[in-house]
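Chemist: Contents of input-v1.cif (mmCIF, C-alpha atoms and all ligand atoms) are given next:
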```cif
data_upload
#
loop_
_atom_site.label_atom_id
_atom_site.label_comp_id
_atom_site.auth_asym_id
_atom_site.auth_seq_id
_atom_site.Cartn_x
_atom_site.Cartn_y
_atom_site.Cartn_z
CA MET A 1 78.06 95.91 115.23
CA LEU A 2 80.20 92.91 115.97
CA ILE A 3 81.15 90.13 118.28
CA THR A 4 84.76 89.16 118.95
CA GLU A 5 85.49 85.70 120.25
CA LEU A 6 88.85 84.34 121.37
CA LYS A 7 90.58 81.86 119.12
CA ALA A 8 91.34 78.50 120.76
CA LYS A 9 93.71 78.76 123.71
CA GLU A 10 96.19 76.38 122.03
CA THR A 11 96.15 78.58 118.91
CA ILE A 12 96.93 81.73 120.90
CA GLN A 13 99.67 79.97 122.88
CA ALA A 14 101.23 78.82 119.60
CA LEU A 15 101.10 82.40 118.26
CA ALA A 16 103.02 83.68 121.31
CA VAL A 17 106.48 83.18 119.82
CA GLY A 18 109.46 84.71 121.66
CA LYS A 19 108.92 87.89 123.65
CA VAL A 20 105.36 89.13 123.40
CA PHE A 21 103.59 92.49 123.68
CA ILE A 22 99.82 92.28 124.24
CA LEU A 23 97.32 94.84 122.98
CA ASN A 24 93.64 94.79 124.00
CA CYS A 25 90.97 96.96 122.41
CA HIS A 26 87.94 97.66 124.54
CA GLY A 27 86.49 100.26 122.17
CA CYS A 28 83.42 98.24 121.34
CA LYS A 29 83.06 96.36 124.61
CA GLU A 30 79.49 97.51 124.98
CA ILE A 31 78.73 94.95 122.29
CA HIS A 32 80.96 91.98 123.10
CA PHE A 33 84.61 91.57 123.93
CA PRO A 34 85.61 88.38 125.79
CA GLU A 35 87.26 90.40 128.54
CA ALA A 36 87.34 87.81 131.34
CA GLU A 37 88.64 85.01 129.11
CA ALA A 38 91.25 87.29 127.53
CA ASP A 39 92.39 88.50 130.94
CA ALA A 40 92.78 84.94 132.30
CA LEU A 41 94.74 83.82 129.27
CA GLN A 42 96.99 86.88 129.34
CA LYS A 43 97.79 86.27 133.01
CA GLU A 44 98.94 82.76 132.06
CA LEU A 45 101.10 84.16 129.26
CA ALA A 46 102.56 86.80 131.59
CA ALA A 47 103.48 84.08 134.10
CA THR A 48 105.94 82.67 131.55
CA GLY A 49 108.01 85.86 131.89
CA ASN A 50 107.92 86.44 128.13
CA VAL A 51 105.47 89.35 128.10
CA THR A 52 107.18 92.73 127.66
CA GLY A 53 103.99 94.73 128.25
CA ILE A 54 100.21 94.81 128.10
CA LEU A 55 98.26 97.79 126.78
CA THR A 56 94.49 98.00 127.09
CA THR A 57 92.97 100.90 125.22
CA ASP A 58 90.05 101.76 122.99
CA TYR A 59 89.42 102.29 119.28
CA ILE A 60 92.75 101.00 118.01
CA CYS A 61 91.12 101.22 114.56
CA ASN A 62 91.81 104.95 114.70
CA PRO A 63 95.39 105.20 113.33
CA GLU A 64 96.16 108.54 114.99
CA ASN A 65 94.92 107.34 118.38
CA LEU A 66 96.79 104.07 117.94
CA LYS A 67 100.11 105.75 117.12
CA LEU A 68 99.88 107.94 120.24
CA ARG A 69 99.15 104.94 122.46
CA LEU A 70 101.80 102.67 120.95
CA ASP A 71 104.46 105.35 121.05
CA MET A 72 104.03 105.46 124.83
CA HIS A 73 105.05 101.76 124.91
CA LYS A 74 107.81 102.01 122.32
CA ASP A 75 110.50 100.22 124.35
CA ALA A 76 108.28 97.28 125.31
CA ILE A 77 107.16 96.92 121.68
CA GLU A 78 110.73 97.06 120.38
CA GLN A 79 111.72 94.26 122.78
CA ALA A 80 108.88 92.05 121.54
CA ASP A 81 109.13 89.50 118.73
CA THR A 82 105.35 89.15 118.50
CA ILE A 83 102.46 91.54 119.03
CA LEU A 84 99.30 89.71 120.14
CA VAL A 85 96.20 91.76 119.36
CA PHE A 86 92.87 91.09 121.04
CA SER A 87 90.43 93.07 118.90
CA CYS A 88 88.25 92.88 115.83
CA GLY A 89 89.79 92.44 112.38
CA VAL A 90 89.91 96.18 111.70
CA GLY A 91 91.97 96.76 114.84
CA VAL A 92 94.48 94.03 113.96
CA GLN A 93 94.90 95.39 110.44
CA THR A 94 95.51 98.90 111.75
CA VAL A 95 98.22 97.65 114.13
CA SER A 96 99.74 95.48 111.42
CA GLU A 97 100.01 98.46 109.07
CA TYR A 98 101.63 100.68 111.70
CA LEU A 99 104.05 98.01 112.99
CA ASP A 100 104.70 96.60 109.53
CA GLY A 101 108.09 95.12 110.43
CA LYS A 102 106.68 93.17 113.40
CA ARG A 103 104.92 89.83 113.64
CA VAL A 104 101.38 91.00 114.48
CA CYS A 105 98.87 88.26 115.36
CA ALA A 106 95.08 88.19 115.67
CA CYS A 107 93.86 86.43 118.81
CA CYS A 108 90.14 86.83 118.08
CA ASP A 109 87.67 85.91 115.39
CA THR A 110 85.17 88.58 114.39
CA TYR A 111 81.51 87.85 113.72
CA ALA A 112 78.94 90.15 112.21
CA LEU A 113 76.03 91.84 113.86
CA PRO A 114 74.03 94.47 112.00
CA GLY A 115 75.34 97.98 112.50
CA TYR A 116 78.51 100.02 112.60
CA GLN A 117 82.06 98.77 113.15
CA GLY A 118 85.01 100.82 114.32
CA VAL A 119 85.83 104.42 113.60
CA THR A 120 87.89 103.95 110.44
CA PRO A 121 86.25 101.12 108.51
CA LEU A 122 87.00 102.72 105.14
CA GLU A 123 90.76 102.26 105.26
CA TYR A 124 91.06 98.80 106.84
CA ASP A 125 88.11 96.62 106.13
CA CYS A 126 86.86 93.50 107.87
CA ASP A 127 83.94 91.52 106.53
CA GLN A 128 83.45 89.80 109.92
CA CYS A 129 83.93 86.32 108.49
CA GLY A 130 84.17 84.59 111.88
CA GLN A 131 87.44 82.73 111.20
CA CYS A 132 90.03 85.46 110.96
CA TYR A 133 92.75 84.78 108.38
CA LEU A 134 95.07 87.61 109.34
CA ASN A 135 97.64 85.28 110.94
CA LEU A 136 98.06 83.57 107.57
CA THR A 137 98.17 86.72 105.47
CA GLY A 138 100.52 89.11 107.25
CA GLY A 139 97.69 91.13 108.77
CA ILE A 140 96.03 92.00 105.45
CA CYS A 141 92.47 90.71 105.11
CA PRO A 142 92.12 88.42 102.06
CA ILE A 143 88.33 88.66 102.20
CA THR A 144 88.29 92.41 101.63
CA ALA A 145 91.68 93.09 99.96
CA CYS A 146 91.04 90.59 97.16
CA SER A 147 88.15 91.26 94.75
CA LYS A 148 87.29 87.55 94.74
CA SER A 149 87.82 87.12 98.50
CA LEU A 150 90.26 84.32 97.76
CA VAL A 151 91.75 82.73 100.89
CA ASN A 152 94.26 80.44 99.22
CA GLY A 153 96.42 82.74 97.14
CA GLN A 154 96.48 84.79 93.98
CA CYS A 155 94.13 84.05 91.08
CA GLY A 156 96.86 84.66 88.51
CA GLY A 157 95.07 87.47 86.72
CA ALA A 158 96.92 90.47 88.19
CA LYS A 159 98.70 92.72 85.70
CA ASN A 160 101.58 94.90 86.83
CA GLY A 161 100.39 94.40 90.40
CA ARG A 162 96.85 95.61 89.66
CA CYS A 163 93.73 93.50 90.27
CA GLU A 164 92.16 91.97 87.15
CA VAL A 165 88.65 92.69 88.47
CA ASP A 166 89.33 96.25 89.55
CA PRO A 167 92.47 97.78 87.98
CA ASP A 168 92.06 100.79 90.26
CA MET A 169 93.22 98.67 93.18
CA GLU A 170 96.44 96.83 93.89
CA CYS A 171 96.14 93.04 93.89
CA GLY A 172 95.46 92.09 97.51
CA TRP A 173 97.48 88.91 97.27
CA GLU A 174 100.53 90.79 95.97
CA ARG A 175 100.24 93.02 99.04
CA ILE A 176 99.95 89.93 101.25
CA GLN A 177 103.02 88.29 99.72
CA ARG A 178 105.04 91.49 100.07
CA ARG A 179 104.05 91.87 103.74
CA LEU A 180 104.84 88.22 104.52
CA ALA A 181 108.26 88.61 102.90
CA GLN A 182 108.84 91.78 104.94
CA VAL A 183 108.26 89.96 108.24
CA GLY A 184 110.03 86.76 107.14
CA ARG A 185 106.80 84.71 107.16
CA LEU A 186 106.52 83.47 103.57
CA ASP A 187 106.51 79.97 105.08
CA VAL A 188 102.85 80.38 106.07
CA LEU A 189 101.89 80.19 102.40
CA LYS A 190 102.88 76.52 102.57
CA CYS A 191 100.29 75.84 105.32
CA PRO A 192 97.20 73.80 104.43
CA VAL A 193 94.38 76.02 103.21
CA GLN A 194 91.97 77.10 105.94
CA LEU A 195 88.66 76.50 104.20
CA ARG A 196 86.07 79.22 104.63
CA ASP A 197 83.12 78.12 106.75
CA TYR A 198 80.08 80.10 105.68
CA ALA A 199 78.10 78.54 108.54
CA THR A 200 79.71 81.06 110.91
CA ASP A 201 76.98 83.54 109.88
CA GLU A 202 74.40 81.07 111.16
CA LYS A 203 76.30 80.73 114.43
CA VAL A 204 75.64 84.39 115.28
CA LYS A 205 71.97 84.20 114.39
CA LYS A 206 71.36 81.26 116.81
S1 LIG B 301 89.85 87.55 107.80
FE1 LIG B 301 89.16 89.59 107.27
S2 LIG B 301 86.92 89.43 107.29
FE2 LIG B 301 87.69 87.68 108.45
S3 LIG B 301 87.68 88.39 110.61
FE3 LIG B 301 89.78 88.69 109.76
S4 LIG B 301 89.78 90.83 109.05
FE4 LIG B 301 87.61 90.23 109.31
S1 LIG B 302 94.04 89.98 90.82
FE1 LIG B 302 94.58 89.73 93.01
S2 LIG B 302 93.06 90.94 94.15
FE2 LIG B 302 92.28 90.66 92.07
S3 LIG B 302 90.95 88.87 92.19
FE3 LIG B 302 92.99 88.13 91.53
S4 LIG B 302 94.07 87.60 93.46
FE4 LIG B 302 92.28 88.83 94.04
#
```
Write out the structure in this file as structure tokens.
Ligand code: SF4
Ligand code: SF4
Modeler:
Amino acid sequence: MLITELKAKETIQALAVGKVFILNCHGCKEIHFPEAEADALQKELAATGNVTGILTTDYICNPENLKLRLDMHKDAIEQADTILVFSCGVGVQTVSEYLDGKRVCACCDTYALPGYQGVTPLEYDCDQCGQCYLNLTGGICPITACSKSLVNGQCGGAKNGRCEVDPDMECGWERIQRRLAQVGRLDVLKCPVQLRDYATDEKVKK
């Protein structure tokens, strides 16, 4: 299973650009979702008058379920410049794929616990790295979409868009660049590299 933990408050406030729609997933709350902290922070964001809607639902990692829920909030989502997602990495990736023209942001980091994650882990994978990169990669996980789990860009070995390690798959970093271009966020590739901290695994064990 997994643990989701809120990113720093300042980080989430900085992600809340323009009008914002908030999506909470409580599908795995029996394990750990920071419900009280998320609620308090979302109330602060709503007080700014920039929140077009808040949807709390479960198992957003199920694309069919997600589409039904989001379609009921179509107008509020259309008005929003940014979709803030409070869920594990699988949930954020599912939303990002469905709303591929929107700026979709991860507000949580996902840590590993032994066991099962989400209902559709085969299509959108999260390796529970504990320092979610999705805000730097257009909602596509570089840990699982790239054969080398590179977090700082393409290795240079892709041929015709296919991965040099596994030609059966598309190069994850080509997908990331395409998605960032689609949402007008290629600028994030100029950000300093967020080094991967392998000590996050130890954090969960303590
Ligand atoms: S970057 Fe990937 S592995 Fe890490 S938490 Fe986000 S989705 Fe999961
Ligand atoms: S070709 Fe692309 S997906 Fe494959 S290892 Fe290199 S950067 Fe990663």
Chemist: What are the closest atom pairs, with distances in Å to one decimal, for all residues of chain A lying within 10 Å of ligand LIG 302 (chain B)? Consider all atoms listed in the file, order rows by chain and residue number, and present the result as JSON lines.
Modeler:
```
{"residue": "A:Pro142", "atom": "CA", "partner": "B:LIG302", "partner_atom": "FE4", "distance": 8.0}
{"residue": "A:Ile143", "atom": "CA", "partner": "B:LIG302", "partner_atom": "FE4", "distance": 9.1}
{"residue": "A:Thr144", "atom": "CA", "partner": "B:LIG302", "partner_atom": "S2", "distance": 9.0}
{"residue": "A:Ala145", "atom": "CA", "partner": "B:LIG302", "partner_atom": "S2", "distance": 6.3}
{"residue": "A:Cys146", "atom": "CA", "partner": "B:LIG302", "partner_atom": "S2", "distance": 3.6}
{"residue": "A:Ser147", "atom": "CA", "partner": "B:LIG302", "partner_atom": "S3", "distance": 4.5}
{"residue": "A:Lys148", "atom": "CA", "partner": "B:LIG302", "partner_atom": "S3", "distance": 4.7}
{"residue": "A:Ser149", "atom": "CA", "partner": "B:LIG302", "partner_atom": "FE4", "distance": 6.5}
{"residue": "A:Leu150", "atom": "CA", "partner": "B:LIG302", "partner_atom": "FE4", "distance": 6.2}
{"residue": "A:Val151", "atom": "CA", "partner": "B:LIG302", "partner_atom": "S4", "distance": 9.2}
{"residue": "A:Asn152", "atom": "CA", "partner": "B:LIG302", "partner_atom": "S4", "distance": 9.2}
{"residue": "A:Gly153", "atom": "CA", "partner": "B:LIG302", "partner_atom": "S4", "distance": 6.5}
{"residue": "A:Gln154", "atom": "CA", "partner": "B:LIG302", "partner_atom": "S4", "distance": 3.7}
{"residue": "A:Cys155", "atom": "CA", "partner": "B:LIG302", "partner_atom": "FE3", "distance": 4.3}
{"residue": "A:Gly156", "atom": "CA", "partner": "B:LIG302", "partner_atom": "FE3", "distance": 6.0}
{"residue": "A:Gly157", "atom": "CA", "partner": "B:LIG302", "partner_atom": "S1", "distance": 4.9}
{"residue": "A:Ala158", "atom": "CA", "partner": "B:LIG302", "partner_atom": "S1", "distance": 3.9}
{"residue": "A:Lys159", "atom": "CA", "partner": "B:LIG302", "partner_atom": "S1", "distance": 7.4}
{"residue": "A:Asn160", "atom": "CA", "partner": "B:LIG302", "partner_atom": "S1", "distance": 9.8}
{"residue": "A:Gly161", "atom": "CA", "partner": "B:LIG302", "partner_atom": "S1", "distance": 7.7}
{"residue": "A:Arg162", "atom": "CA", "partner": "B:LIG302", "partner_atom": "S1", "distance": 6.4}
{"residue": "A:Cys163", "atom": "CA", "partner": "B:LIG302", "partner_atom": "S1", "distance": 3.6}
{"residue": "A:Glu164", "atom": "CA", "partner": "B:LIG302", "partner_atom": "S1", "distance": 4.6}
{"residue": "A:Val165", "atom": "CA", "partner": "B:LIG302", "partner_atom": "FE2", "distance": 5.5}
{"residue": "A:Asp166", "atom": "CA", "partner": "B:LIG302", "partner_atom": "FE2", "distance": 6.8}
{"residue": "A:Pro167", "atom": "CA", "partner": "B:LIG302", "partner_atom": "FE2", "distance": 8.2}
{"residue": "A:Met169", "atom": "CA", "partner": "B:LIG302", "partner_atom": "S2", "distance": 7.8}
{"residue": "A:Glu170", "atom": "CA", "partner": "B:LIG302", "partner_atom": "S2", "distance": 6.8}
{"residue": "A:Cys171", "atom": "CA", "partner": "B:LIG302", "partner_atom": "S2", "distance": 3.7}
{"residue": "A:Gly172", "atom": "CA", "partner": "B:LIG302", "partner_atom": "S2", "distance": 4.3}
{"residue": "A:Trp173", "atom": "CA", "partner": "B:LIG302", "partner_atom": "FE1", "distance": 5.2}
{"residue": "A:Glu174", "atom": "CA", "partner": "B:LIG302", "partner_atom": "FE1", "distance": 6.7}
{"residue": "A:Arg175", "atom": "CA", "partner": "B:LIG302", "partner_atom": "FE1", "distance": 8.9}
{"residue": "A:Ile176", "atom": "CA", "partner": "B:LIG302", "partner_atom": "FE1", "distance": 9.8}
```
Chemist: Can you build me a table of chain A residues sitting at most 10 Å from ligand LIG 301 (chain B), with the closest atom pair per residue and its distance in Å to one decimal, using only C-alpha atoms and all ligand atoms, sorted by chain and residue number, as CSV?
Modeler:
```
residue,atom,partner,partner_atom,distance
A:Thr4,CA,B:LIG301,S3,8.9
A:Ser87,CA,B:LIG301,S3,9.9
A:Cys88,CA,B:LIG301,S3,6.9
A:Gly89,CA,B:LIG301,S4,3.7
A:Val90,CA,B:LIG301,S4,6.0
A:Gly91,CA,B:LIG301,S4,8.6
A:Val92,CA,B:LIG301,S4,7.5
A:Gln93,CA,B:LIG301,S4,7.0
A:Ala106,CA,B:LIG301,FE3,8.0
A:Cys108,CA,B:LIG301,S3,8.0
A:Asp109,CA,B:LIG301,S3,5.4
A:Thr110,CA,B:LIG301,S3,4.5
A:Tyr111,CA,B:LIG301,S3,6.9
A:Ala112,CA,B:LIG301,S3,9.1
A:Tyr124,CA,B:LIG301,S4,8.4
A:Asp125,CA,B:LIG301,S4,6.7
A:Cys126,CA,B:LIG301,FE4,3.7
A:Asp127,CA,B:LIG301,S2,3.7
A:Gln128,CA,B:LIG301,FE4,4.2
A:Cys129,CA,B:LIG301,FE2,4.0
A:Gly130,CA,B:LIG301,S3,5.3
A:Gln131,CA,B:LIG301,FE2,5.7
A:Cys132,CA,B:LIG301,FE3,3.5
A:Tyr133,CA,B:LIG301,S1,4.1
A:Leu134,CA,B:LIG301,FE3,5.4
A:Asn135,CA,B:LIG301,FE3,8.6
A:Leu136,CA,B:LIG301,S1,9.1
A:Thr137,CA,B:LIG301,S1,8.7
A:Gly139,CA,B:LIG301,S4,7.9
A:Ile140,CA,B:LIG301,S4,7.3
A:Cys141,CA,B:LIG301,FE1,4.1
A:Pro142,CA,B:LIG301,FE1,6.1
A:Ile143,CA,B:LIG301,FE1,5.2
A:Thr144,CA,B:LIG301,FE1,6.4
A:Ala145,CA,B:LIG301,FE1,8.5
A:Ser149,CA,B:LIG301,S2,9.1
A:Val151,CA,B:LIG301,S1,8.6
A:Arg196,CA,B:LIG301,FE2,9.4
```
Chemist: Any idea what the distance is between CA of Gly138 (chain A) and CA of Arg179 (chain A)?
Modeler: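 These atoms are spaced 5.7 Å apart.
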Chemist: Which of these, A:His73, A:Arg178, A:Lys43, A:Lys7, has the shortest distance to Gly101 (chain A) once you count all atoms listed in the file?
Modeler: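 Using all atoms listed in the file, Gly101 (chain A) sits closest to A:Arg178.
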Chemist: Select, from A:Val104, A:Ala14, A:Ala40, A:Leu113, the residue with the minimum atom-to-atom distance to Val183 (chain A), counting only C-alpha atoms.
Modeler: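 Selected residue with least distance to Val183 (chain A): A:Val104.
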Chemist: By how many Å are CA of Asp81 (chain A) and CA of Ala16 (chain A) apart?
Modeler: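 Between CA of Asp81 (chain A) and CA of Ala16 (chain A) the gap works out to 8.8 Å.
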Chemist: Do you have the CA of Lys19 (chain A)-CA of Gln79 (chain A) distance handy?
Modeler: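 These atoms are spaced 7.0 Å apart.
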Chemist: Quick one: residues within 8 Å of Asp58 (chain A), all atoms listed in the file, excluding same-chain residues fewer than 4 positions away - as a PDB file with C-alpha atoms, keeping the file's coordinate frame?
Modeler:
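In the end it all went to selection.pdb:
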```
ATOM      1  CA  ASN A  24      93.640  94.790 124.000  1.00  0.00           C
ATOM      2  CA  CYS A  25      90.970  96.960 122.410  1.00  0.00           C
ATOM      3  CA  HIS A  26      87.940  97.660 124.540  1.00  0.00           C
ATOM      4  CA  GLY A  27      86.490 100.260 122.170  1.00  0.00           C
ATOM      5  CA  CYS A  28      83.420  98.240 121.340  1.00  0.00           C
TER       6      CYS A  28
END
```
Chemist: Counting all atoms listed in the file, which of A:Pro192, A:Pro34, A:Gly184, A:Gly18 gets nearest to Leu84 (chain A)?
Modeler: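 Of A:Pro192, A:Pro34, A:Gly184, A:Gly18, the one nearest Leu84 (chain A) is A:Gly18, counting all atoms listed in the file.
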Chemist: Do you know which residues are at most 9 Å from Leu41 (chain A) counting only C-alpha atoms, after dropping those on the same chain fewer than 5 positions away, and could you put them as a PyMOL selection string?
Modeler: chain A and resi 9+12-13+36+46
Chemist: Let's have the selection written as an mmCIF file, keeping the file's coordinate frame, with C-alpha atoms.
Modeler:
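Written output follows (selection04.cif):
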```
data_model
loop_
_atom_site.group_PDB
_atom_site.id
_atom_site.type_symbol
_atom_site.label_atom_id
_atom_site.label_comp_id
_atom_site.auth_asym_id
_atom_site.auth_seq_id
_atom_site.Cartn_x
_atom_site.Cartn_y
_atom_site.Cartn_z
ATOM 1 C CA LYS A 9 93.710 78.760 123.710
ATOM 2 C CA ILE A 12 96.930 81.730 120.900
ATOM 3 C CA GLN A 13 99.670 79.970 122.880
ATOM 4 C CA ALA A 36 87.340 87.810 131.340
ATOM 5 C CA ALA A 46 102.560 86.800 131.590
#
```
